[in-house]
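Undergrad: Structure provided below as structure tokens; questions to follow.
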Amino acid sequence: MQNVTILVVSPRPQMRDVRGETLLRSLREDAHVAVEHVSTAALYTIRSPRSVEELEPARRALFTDAVVEESRWDQRPSIPCRWIVQVAMLPGVTDNVGRTASRALEEMLARPLEGEVYTSSLYLFDGDLQRDDVELAVRDFLANPLVQQWRITAAADWRDGPEAFLPPPIAGADHPPRVASVALDISDDALLRLSQEGLLALNLAEMKAIQAYFHDPQRCARRQAYGLGPAPTDVEFETLAQTWSEHCKHKIFQSTIDYQDEHGTSTTIRSLFKSYIVRATEEIGRRVDWLRSVFHDNAGVIAFNEEWNLAMKVETHNTPSALDPYGGAITGILGVNRDPFGTGMGCRLLFNTDVLCFAPPDYSQPLPGRLLHPKRIFEGVHRGIKDGANQSGIPDVNGAVVFDERYSGKPLVFCGTGGLMPARIGGEPAHLKTARAGDYVVMVGGRIGKDGIHGATFSSVELDEASPASAVQIGDAITQKNMFDMLLEARDRQLYRCITDNGAGGLSSSVGEMAQFSNGCELDLERAPLKYPGLDPWEILVSESQERMTLAVPPEQLEAFLALSTRREVEATVLGTFTDTGLFHVRYAGDTVALLEMAFLHDGLPEMRLPARWQPPRFNEPAFACPADLTASLLQLLGRLNICSKEWVIRQYDHEVQGTSVVKPLVGAQNDGPSDAAVLRPLPDSMEGVIVANGICPRYSDIDTYHMAANAIDEAIRNVIAVGGRLGHIAGLDNFCWPDPVLSPGTPDGPYKLAQLVRANQALYDCCTAYGVPCISGKDSMKNDYHVGDVKISVPPTLLFSVIARMPDVRRAVTMDAKQAGDLVFAVGETRDELGGSEYYAMHGAVGNRVPRVDTQRARTLYDALADATQRGLINACHDCSDGGFAVAAAEMAFAGGLGMHLDLRAMPRAAAVTRDDTLLFSETASRFAVTVPAAHGAAFRDMMPAGSCGEIGSVHGGPEFTITGLGGEVVIASRIDELKAAWQRPLAW
Amino acid sequence: MKPRVLVLSGCGINCERETAHAFSLPAVGGEAVCVHLNDLIAQPDRLDGFHIMVIPGGFAFGDDISAGIVLATRLRYRLDRPLSRFLGDGKLLLGICNGFQVLVRLGVLPAAKGQKWDQEATLTTNDSGKFEDRWVYLQIDPACPSPFVQGIDRLYLPVRHGEGKFLTRDDDVLRALQANHQIAARYIGPDGDAAPYPWNPNGSVDDVAAVCDPSGRVFGLMPHPEAYTHRTHHPRWTRESLPEEGQGVAIFRNAVHFARTHL
């Protein structure tokens, strides 16, 4: 007999209810709900034959912190209120706390629970509120109907007892597993409909390729021998859809493109990926000796030193984050953690880096259907990343937050992770791996549920009304952490031969990809551990349930491997064997349910041919006179969302765990200035360092994506230079997030968007080869559109360029804060009239046309000179000039250092065309820095810089004044560092 | 012989490597070994071979239910006897951040009334409602009996927690802690005076950052001494003239020195 009893834990009356207070504030300020008081309680719904008497010791010792909490069975806290709201998970949604509670209860009871614990929250609202107000508060702030359920009860109607609460969300169904066959002998229209309705994201050519494959008579005969009919099973069909998804196969980057430029000249590009990205890396690879593994593994690998390699990967998790910001982001960060972990023989994870793109949090337009408010997305995504990263013990060292209204349809959530692997394990290069026929297929980590089914195909379509809840799931950092800890032990004991992660496409992808090494596999799906009963074989195969890795374990190591996993309480299951039959062979309870030829699975995908046409846009050139009060302009710029302090975001990430931190994300006299890049010291007894930086500037895409990409790459690299790095040992990672560029009735401007993609790739090739920075890994997300009814919102074409660099000695690192009075201030790099796409123009409601153009040849020389000066210890502070231009960079340096500056624009190196003070102050010309140098080193520094690239424009002083003299010899900016800093800190000081 | 240090690992603990490294620094002189919680449960007698035990920072069991409670429950139910023996022998037990939360849940800290396994205090949700990573100034109580803090006046270390607000069960416990000088370290402002948030980062009563048991041999603190062992850990090392050794090292050296001379 299963009893259900509910334990209600609430703050003791005289204790603060911090959660309630926080919620009260946001309900009043953001939702304008007239709530007067909010109290909270944690609920544990225990379904078990154990009696309340047996559970009572756990109530006191485990569930209740008696110093600050009180608790009771089946009763709400006796607090005066008007409304009572319970928010619980939907059945099957990951409940981490519930699972931990079950295990801890069993530890105390010293016997099985024979049931489960489910957690939920209770909110007690007081104030003059109608049910509608409460509904609004719940829907907009407390709960997400995709993952949660709730019950609202008027206090007057409340009767204590188990029935007052929601029943436990028991997951699973009691039906026997089913395998269906999919009839493909249907019309083209019906084929397309089948793809659409099944969320398979396959186009007609692909559907017809599958149709043709199954028509082959020889194949039919073989299938018959295995007990299969001529039509594909749902298991086969789903496997093909996952493996062939845009997400897994990067079809657009592989397609043949007919590109026409603005002069009408046509070129045919056979694969953007191969023509630009791979080609650049191959050319650079002939000149450098530190590339280890590029493009084909889960992350890129470079050498760090003789004994160690570095691996890095950046991923996106945009669509899930749009639907459930918390769950989408936590699975994003935990998911990308598995990439370097599943690279080569595996990595110890060193750092996370996150770049987030949202619509402004003060967005006040009406929101189209299905969209969450940008502030809610921002907060939820941030909380997800924070929880995932902090709980995993991986420092979140660097990142950015970018705002643009066009991210209201889909936010972009870029999560990156780096890891450190030994150069060799057991004498073999650790960045290589293979699976051999006869090795066991072993799945390790979490169990399989229906969560995350169709994630790969779903992210390959636009967000619309039909977007399903099943693609949303919640991560479990501790299950993954335990798995990683255990697998590192297994790696060092060489207990496995091959490892990869279960991400998009689940087992169908992970096993399918690894089976390429041996050329085949056999799986027995009934062995797979499930979270709850009732999954059909196809669901088991494609489920994207998190926290799982797939390994190839040699037979002679299986026993040791399983023994270790048992000791570490990490679930490991043999699901089958790798073979050399050329077949992807799946059984369920002995019956064959899928039999696909490996060659077809991986290479049967028809190639796309797509049109691209470039037509440069023309914007009005804004015509306004240089403002009389440039101090006001600077203050206003500092308070713009893309420039202002992100301390609220950063402070909540653990950026120091593991003890490797050298340059932190917040630096300066008060530990609150904006650092350009992270520097880490991964080996505790060595001074060798790693630099991590990012570049992203989507605003320039409005003018020309070639320059958008060039500036993003330059920004990432100049951030490395700014903290003391140098060209020569820097690797890049490209992450393209684009609106759908495929011509279709819904996307009539596809050829333009595809041309934008072509141009960004051209820039990537040009800049990477010029700087000698090879891309080692990358990702593309090509359907970042929202389309419901007549409303279509597409993200601006966005390239995130991330870099990882080696630094021989971290003690040479430089931070951006002005260090001491008397230091000279230099403007380094020529300023040109390039306000197109700038924050300054955006502030004036304009785009303009003169987008910054990267001159890589000049920049190279400058970067080398600056690195030499840093090496010689001539530089006290260096800050990259990006959004807001030189004036913003100089102001940030001053207030981060707690020191004033007197500057004079007349000494600034500039192109002849620049005649206005505002242009000099705010132009976003690339490859520039603000640098402070001790007076004694001034001459030496100037001599080291290339001719015409550097001007001594003033000095640092001990007072608060920050002044800038204009070209006319008059002071054009007169402010104080406290005033500047306040303007910069105000917008996101939540 | 070098004093032996057991650094607990596994189950969501995540600072074990840098903590073991800090104890093993040449300037500290310990011999630290990371031991997985489940391995210790399987062979509890292993604990007898160590002089110092550390529960490092992290998110043991995800800090589910409340911070440290599930690890404390497992220790109480599975390692009760070897731990009692370890403490009875007068050996040193250190809890850092999450480890401090565990020791408080277990009731081995602060044990102001001398009764172990009785929870007298808690470390609860920060007043800010947020997990925060920020550096704090600490004033050591010169009369504190703990070997961990002997000879230390002030420290500058990072805190990284969401649940670090120290509260006692009642005023009696707090008064006893004050009277016994068990409040080993308090948060202070940069000028050395008591100061509100963010200097006291969580709202702890009496600015408590670290406590010890009456013997001083059980010691817990929210800040992370293992996160400041080298000059380049300091957030302002590029602008201040600092010694090569970080301020956190003193705590580990003290512990190892005490073990060498007393255990």
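Residue numbers start at 1 in each chain; chains themselves are named A, B, ... in the order of the structure tokens; ligands are numbered from 1 in the order shown.
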Write down, as a ChimeraX atom specification, each residue of chain B that has any atom within 8 Å of an atom of chain A, counting only C-alpha atoms.

TA: /B:10-12,14-15,17-18,21,38-39,58-59,61-62,64-66,69-70,73-74,77,120-122,124-134,160,167-169,226-228,232-236,238-239

Undergrad: Which parts of segment 45-248 of chain B does DSSP call strand (DSSP E or B) when run on the backbone here, written out as a PyMOL selection string?

TA: chain B and resi 52-55+58+92-96+121-124+132-140+154-161+165-168+183-188+208-212+218-221+230+245

Undergrad: Restricted to N, CA and C atoms, what would the selected residues look like written as a short mmCIF file (atom, residue, chain, number, x, y, z; two decimals), in the first residue's frame?

TA:
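What landed in result-v8.cif:
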```cif
data_model
loop_
_atom_site.label_atom_id
_atom_site.label_comp_id
_atom_site.auth_asym_id
_atom_site.auth_seq_id
_atom_site.Cartn_x
_atom_site.Cartn_y
_atom_site.Cartn_z
N ILE B 52 45.05 14.66 9.99
CA ILE B 52 44.15 15.77 9.69
C ILE B 52 43.13 15.26 8.67
N MET B 53 41.86 15.62 8.89
CA MET B 53 40.84 15.31 7.88
C MET B 53 40.20 16.61 7.42
N VAL B 54 39.98 16.71 6.12
CA VAL B 54 39.37 17.92 5.56
C VAL B 54 38.14 17.56 4.76
N ILE B 55 37.08 18.30 4.99
CA ILE B 55 35.94 18.23 4.07
C ILE B 55 36.00 19.52 3.25
N GLY B 58 32.45 22.59 -2.15
CA GLY B 58 31.78 21.94 -3.27
C GLY B 58 30.28 22.00 -3.09
N LEU B 92 42.88 16.69 14.00
CA LEU B 92 42.33 17.93 13.45
C LEU B 92 41.30 17.65 12.36
N LEU B 93 40.19 18.37 12.44
CA LEU B 93 39.13 18.24 11.44
C LEU B 93 38.82 19.63 10.90
N LEU B 94 38.91 19.78 9.58
CA LEU B 94 38.71 21.08 8.94
C LEU B 94 37.57 20.99 7.93
N GLY B 95 36.68 21.97 7.99
CA GLY B 95 35.62 22.07 6.99
C GLY B 95 35.67 23.41 6.31
N ILE B 96 35.78 23.40 4.98
CA ILE B 96 35.85 24.65 4.23
C ILE B 96 34.57 24.82 3.43
N ALA B 121 23.83 25.43 15.56
CA ALA B 121 23.90 26.61 14.68
C ALA B 121 23.55 26.19 13.26
N THR B 122 23.51 27.15 12.36
CA THR B 122 23.27 26.81 10.96
C THR B 122 23.99 27.80 10.06
N LEU B 123 24.14 27.41 8.81
CA LEU B 123 24.62 28.31 7.75
C LEU B 123 23.52 28.33 6.72
N THR B 124 22.80 29.43 6.65
CA THR B 124 21.59 29.46 5.84
C THR B 124 21.71 30.48 4.72
N GLU B 132 27.31 34.24 -4.27
CA GLU B 132 28.24 35.29 -4.71
C GLU B 132 29.68 34.85 -4.53
N ASP B 133 30.49 35.26 -5.49
CA ASP B 133 31.93 35.05 -5.43
C ASP B 133 32.55 36.42 -5.21
N ARG B 134 33.05 36.67 -4.01
CA ARG B 134 33.71 37.96 -3.74
C ARG B 134 34.75 37.78 -2.64
N TRP B 135 35.76 38.65 -2.64
CA TRP B 135 36.83 38.56 -1.64
C TRP B 135 36.44 39.34 -0.40
N VAL B 136 36.81 38.79 0.76
CA VAL B 136 36.41 39.39 2.04
C VAL B 136 37.63 39.53 2.95
N TYR B 137 37.54 40.51 3.85
CA TYR B 137 38.57 40.70 4.87
C TYR B 137 38.11 40.03 6.16
N LEU B 138 39.06 39.36 6.82
CA LEU B 138 38.74 38.63 8.05
C LEU B 138 39.64 39.10 9.19
N GLN B 139 39.05 39.24 10.35
CA GLN B 139 39.81 39.52 11.57
C GLN B 139 39.81 38.26 12.42
N ILE B 140 41.01 37.76 12.76
CA ILE B 140 41.11 36.59 13.63
C ILE B 140 41.02 37.03 15.07
N ARG B 154 45.03 39.04 10.35
CA ARG B 154 43.97 39.28 9.37
C ARG B 154 44.21 38.43 8.13
N LEU B 155 43.14 38.20 7.39
CA LEU B 155 43.24 37.44 6.14
C LEU B 155 42.38 38.12 5.08
N TYR B 156 42.77 37.92 3.84
CA TYR B 156 41.96 38.37 2.70
C TYR B 156 41.75 37.14 1.82
N LEU B 157 40.50 36.69 1.70
CA LEU B 157 40.20 35.43 1.01
C LEU B 157 38.88 35.55 0.25
N PRO B 158 38.66 34.69 -0.73
CA PRO B 158 37.35 34.73 -1.41
C PRO B 158 36.30 33.89 -0.69
N VAL B 159 35.06 34.38 -0.71
CA VAL B 159 33.91 33.51 -0.37
C VAL B 159 33.20 33.20 -1.68
N ARG B 160 32.61 32.00 -1.73
CA ARG B 160 31.87 31.58 -2.93
C ARG B 160 30.72 30.70 -2.46
N HIS B 161 29.66 31.34 -2.02
CA HIS B 161 28.56 30.53 -1.50
C HIS B 161 27.23 31.27 -1.58
N LYS B 165 25.17 32.29 5.81
CA LYS B 165 24.75 33.15 6.91
C LYS B 165 24.70 32.33 8.20
N PHE B 166 25.63 32.63 9.10
CA PHE B 166 25.76 31.87 10.34
C PHE B 166 24.76 32.40 11.36
N LEU B 167 23.97 31.47 11.91
CA LEU B 167 23.02 31.82 12.97
C LEU B 167 23.09 30.74 14.04
N THR B 168 22.91 31.14 15.29
CA THR B 168 22.89 30.14 16.36
C THR B 168 21.45 29.82 16.73
N ILE B 183 34.63 31.99 18.04
CA ILE B 183 34.44 32.68 16.75
C ILE B 183 35.83 33.04 16.25
N ALA B 184 36.38 32.14 15.48
CA ALA B 184 37.78 32.26 15.09
C ALA B 184 38.02 33.45 14.17
N ALA B 185 37.07 33.74 13.29
CA ALA B 185 37.26 34.84 12.35
C ALA B 185 35.94 35.54 12.09
N ARG B 186 36.04 36.87 11.98
CA ARG B 186 34.87 37.68 11.66
C ARG B 186 35.13 38.48 10.39
N TYR B 187 34.06 38.69 9.61
CA TYR B 187 34.17 39.58 8.45
C TYR B 187 34.37 41.01 8.94
N ILE B 188 35.27 41.73 8.30
CA ILE B 188 35.47 43.14 8.61
C ILE B 188 35.54 43.93 7.30
N VAL B 208 30.16 36.42 11.85
CA VAL B 208 30.90 35.16 11.96
C VAL B 208 31.29 34.62 10.58
N ALA B 209 32.58 34.38 10.40
CA ALA B 209 33.07 33.76 9.16
C ALA B 209 33.65 32.38 9.43
N ALA B 210 34.13 32.15 10.67
CA ALA B 210 34.76 30.87 11.00
C ALA B 210 34.53 30.59 12.48
N VAL B 211 34.32 29.32 12.80
CA VAL B 211 34.21 28.94 14.21
C VAL B 211 35.02 27.66 14.45
N CYS B 212 35.34 27.44 15.73
CA CYS B 212 35.99 26.20 16.11
C CYS B 212 35.22 25.59 17.27
N VAL B 218 38.58 21.23 15.91
CA VAL B 218 37.62 21.18 14.81
C VAL B 218 37.39 22.62 14.37
N PHE B 219 37.58 22.87 13.09
CA PHE B 219 37.58 24.25 12.61
C PHE B 219 36.83 24.31 11.29
N GLY B 220 35.97 25.32 11.17
CA GLY B 220 35.24 25.47 9.92
C GLY B 220 35.18 26.93 9.51
N LEU B 221 35.25 27.17 8.21
CA LEU B 221 35.17 28.55 7.73
C LEU B 221 34.48 28.60 6.37
N HIS B 230 48.87 31.49 -3.87
CA HIS B 230 49.93 32.13 -4.66
C HIS B 230 49.52 33.56 -4.95
N GLU B 245 53.86 34.10 -1.47
CA GLU B 245 52.94 33.15 -0.83
C GLU B 245 51.60 33.83 -0.53
#
```

Undergrad: If you run DSSP over the backbone, which residues in segment 153-259 of chain B end up alpha helix (DSSP H)? Put them as a ChimeraX atom specification.

TA: /B:171-179,249-259

Undergrad: Could you save those same residues with N, CA, C and O atoms as a PDB file, in the first residue's frame?

TA:
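The resulting file, result34.pdb, is shown below:
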```
ATOM      1  N   ASP B 171      20.426  32.674  21.813  1.00  0.00           N
ATOM      2  CA  ASP B 171      21.439  33.630  22.259  1.00  0.00           C
ATOM      3  C   ASP B 171      22.463  32.993  23.188  1.00  0.00           C
ATOM      4  O   ASP B 171      23.618  33.412  23.243  1.00  0.00           O
ATOM      5  N   ASP B 172      22.025  31.969  23.927  1.00  0.00           N
ATOM      6  CA  ASP B 172      22.958  31.283  24.830  1.00  0.00           C
ATOM      7  C   ASP B 172      24.155  30.734  24.059  1.00  0.00           C
ATOM      8  O   ASP B 172      25.298  30.867  24.475  1.00  0.00           O
ATOM      9  N   VAL B 173      23.844  30.089  22.955  1.00  0.00           N
ATOM     10  CA  VAL B 173      24.921  29.497  22.158  1.00  0.00           C
ATOM     11  C   VAL B 173      25.850  30.593  21.671  1.00  0.00           C
ATOM     12  O   VAL B 173      27.079  30.474  21.752  1.00  0.00           O
ATOM     13  N   LEU B 174      25.269  31.674  21.192  1.00  0.00           N
ATOM     14  CA  LEU B 174      26.103  32.762  20.671  1.00  0.00           C
ATOM     15  C   LEU B 174      26.994  33.320  21.782  1.00  0.00           C
ATOM     16  O   LEU B 174      28.196  33.533  21.595  1.00  0.00           O
ATOM     17  N   ARG B 175      26.398  33.530  22.969  1.00  0.00           N
ATOM     18  CA  ARG B 175      27.193  34.077  24.080  1.00  0.00           C
ATOM     19  C   ARG B 175      28.302  33.121  24.479  1.00  0.00           C
ATOM     20  O   ARG B 175      29.422  33.534  24.763  1.00  0.00           O
ATOM     21  N   ALA B 176      27.989  31.831  24.468  1.00  0.00           N
ATOM     22  CA  ALA B 176      29.021  30.836  24.803  1.00  0.00           C
ATOM     23  C   ALA B 176      30.160  30.872  23.791  1.00  0.00           C
ATOM     24  O   ALA B 176      31.336  30.823  24.153  1.00  0.00           O
ATOM     25  N   LEU B 177      29.796  30.990  22.513  1.00  0.00           N
ATOM     26  CA  LEU B 177      30.827  31.052  21.461  1.00  0.00           C
ATOM     27  C   LEU B 177      31.728  32.267  21.670  1.00  0.00           C
ATOM     28  O   LEU B 177      32.951  32.187  21.528  1.00  0.00           O
ATOM     29  N   GLN B 178      31.079  33.376  21.987  1.00  0.00           N
ATOM     30  CA  GLN B 178      31.864  34.601  22.201  1.00  0.00           C
ATOM     31  C   GLN B 178      32.765  34.438  23.424  1.00  0.00           C
ATOM     32  O   GLN B 178      33.956  34.740  23.380  1.00  0.00           O
ATOM     33  N   ALA B 179      32.191  33.911  24.486  1.00  0.00           N
ATOM     34  CA  ALA B 179      32.951  33.785  25.740  1.00  0.00           C
ATOM     35  C   ALA B 179      34.122  32.812  25.581  1.00  0.00           C
ATOM     36  O   ALA B 179      35.206  33.041  26.127  1.00  0.00           O
ATOM     37  N   VAL B 249      47.755  30.157   2.944  1.00  0.00           N
ATOM     38  CA  VAL B 249      48.714  29.102   3.268  1.00  0.00           C
ATOM     39  C   VAL B 249      48.918  28.963   4.784  1.00  0.00           C
ATOM     40  O   VAL B 249      49.111  27.862   5.299  1.00  0.00           O
ATOM     41  N   ALA B 250      48.856  30.101   5.486  1.00  0.00           N
ATOM     42  CA  ALA B 250      49.125  30.085   6.927  1.00  0.00           C
ATOM     43  C   ALA B 250      48.234  29.088   7.666  1.00  0.00           C
ATOM     44  O   ALA B 250      48.682  28.405   8.599  1.00  0.00           O
ATOM     45  N   ILE B 251      46.996  28.985   7.260  1.00  0.00           N
ATOM     46  CA  ILE B 251      46.065  28.073   7.933  1.00  0.00           C
ATOM     47  C   ILE B 251      46.514  26.621   7.782  1.00  0.00           C
ATOM     48  O   ILE B 251      46.520  25.841   8.747  1.00  0.00           O
ATOM     49  N   PHE B 252      46.939  26.268   6.562  1.00  0.00           N
ATOM     50  CA  PHE B 252      47.375  24.886   6.325  1.00  0.00           C
ATOM     51  C   PHE B 252      48.690  24.610   7.054  1.00  0.00           C
ATOM     52  O   PHE B 252      48.890  23.544   7.629  1.00  0.00           O
ATOM     53  N   ARG B 253      49.588  25.598   7.043  1.00  0.00           N
ATOM     54  CA  ARG B 253      50.875  25.417   7.711  1.00  0.00           C
ATOM     55  C   ARG B 253      50.673  25.239   9.212  1.00  0.00           C
ATOM     56  O   ARG B 253      51.268  24.375   9.836  1.00  0.00           O
ATOM     57  N   ASN B 254      49.780  26.058   9.768  1.00  0.00           N
ATOM     58  CA  ASN B 254      49.450  25.925  11.195  1.00  0.00           C
ATOM     59  C   ASN B 254      48.979  24.518  11.528  1.00  0.00           C
ATOM     60  O   ASN B 254      49.399  23.924  12.521  1.00  0.00           O
ATOM     61  N   ALA B 255      48.076  24.008  10.704  1.00  0.00           N
ATOM     62  CA  ALA B 255      47.501  22.689  10.980  1.00  0.00           C
ATOM     63  C   ALA B 255      48.587  21.617  10.930  1.00  0.00           C
ATOM     64  O   ALA B 255      48.678  20.754  11.817  1.00  0.00           O
ATOM     65  N   VAL B 256      49.409  21.688   9.895  1.00  0.00           N
ATOM     66  CA  VAL B 256      50.453  20.677   9.735  1.00  0.00           C
ATOM     67  C   VAL B 256      51.482  20.791  10.864  1.00  0.00           C
ATOM     68  O   VAL B 256      51.938  19.791  11.429  1.00  0.00           O
ATOM     69  N   HIS B 257      51.807  22.019  11.220  1.00  0.00           N
ATOM     70  CA  HIS B 257      52.755  22.231  12.314  1.00  0.00           C
ATOM     71  C   HIS B 257      52.213  21.641  13.616  1.00  0.00           C
ATOM     72  O   HIS B 257      52.915  20.939  14.345  1.00  0.00           O
ATOM     73  N   PHE B 258      50.943  21.887  13.867  1.00  0.00           N
ATOM     74  CA  PHE B 258      50.331  21.363  15.088  1.00  0.00           C
ATOM     75  C   PHE B 258      50.341  19.838  15.081  1.00  0.00           C
ATOM     76  O   PHE B 258      50.668  19.200  16.091  1.00  0.00           O
ATOM     77  N   ALA B 259      50.000  19.269  13.935  1.00  0.00           N
ATOM     78  CA  ALA B 259      49.988  17.800  13.851  1.00  0.00           C
ATOM     79  C   ALA B 259      51.387  17.245  14.088  1.00  0.00           C
ATOM     80  O   ALA B 259      51.557  16.215  14.762  1.00  0.00           O
TER      81      ALA B 259
END
```

Undergrad: Pick out the residues sitting within 10 Å of His263 of chain A, and hand them over as a list in words; count only C-alpha atoms, and ignore anything fewer than 3 positions along from it in its own chain.

TA: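 Close residues of His263 of chain A: Gln260, Ser266, Trp614 and Gln615 of chain A.
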
Undergrad: What's around Pro11 of chain A at 9 Å? Count only C-alpha atoms, leave out sequence neighbours fewer than 2 positions away in its own chain, and write the answer as a ChimeraX atom specification.

TA: /A:9,13-17,39-41,68-71

Undergrad: I'd like the neighbourhood of Phe358 of chain A as a ChimeraX atom specification, where a residue qualifies if any of its atoms comes within 9 Å (using only C-alpha atoms), though same-chain residues fewer than 2 positions away should be ignored.

TA: /A:356,360-361,374-375,377-378,401-408,410-413

Undergrad: Excluding segment 489-506 of chain A and residues on its chain fewer than 4 positions from it, collect all residues at most 8 Å away from it, counting only C-alpha atoms, and give them as a PyMOL selection string.

TA: chain A and resi 239+242-243+247-248+298+335+338-339+341-346+425-426+433-435+453-456+485+510+514+541-554+557-558+560-561+564

Undergrad: Please, what distance in Å, to one decimal, runs between atom CA of Asp191 of chain B and atom CA of Gly203 of chain B?

TA: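 Taking atom CA of Asp191 of chain B and atom CA of Gly203 of chain B, their separation equals 18.8 Å.
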
Undergrad: Which residue gives the smallest distance to Gln150 of chain B among B:Gly216, B:Pro223, B:Gly68, B:Pro201, with only C-alpha atoms counted?

TA: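 Between B:Gly216, B:Pro223, B:Gly68, B:Pro201, the residue approaching Gln150 of chain B most closely is B:Gly216.
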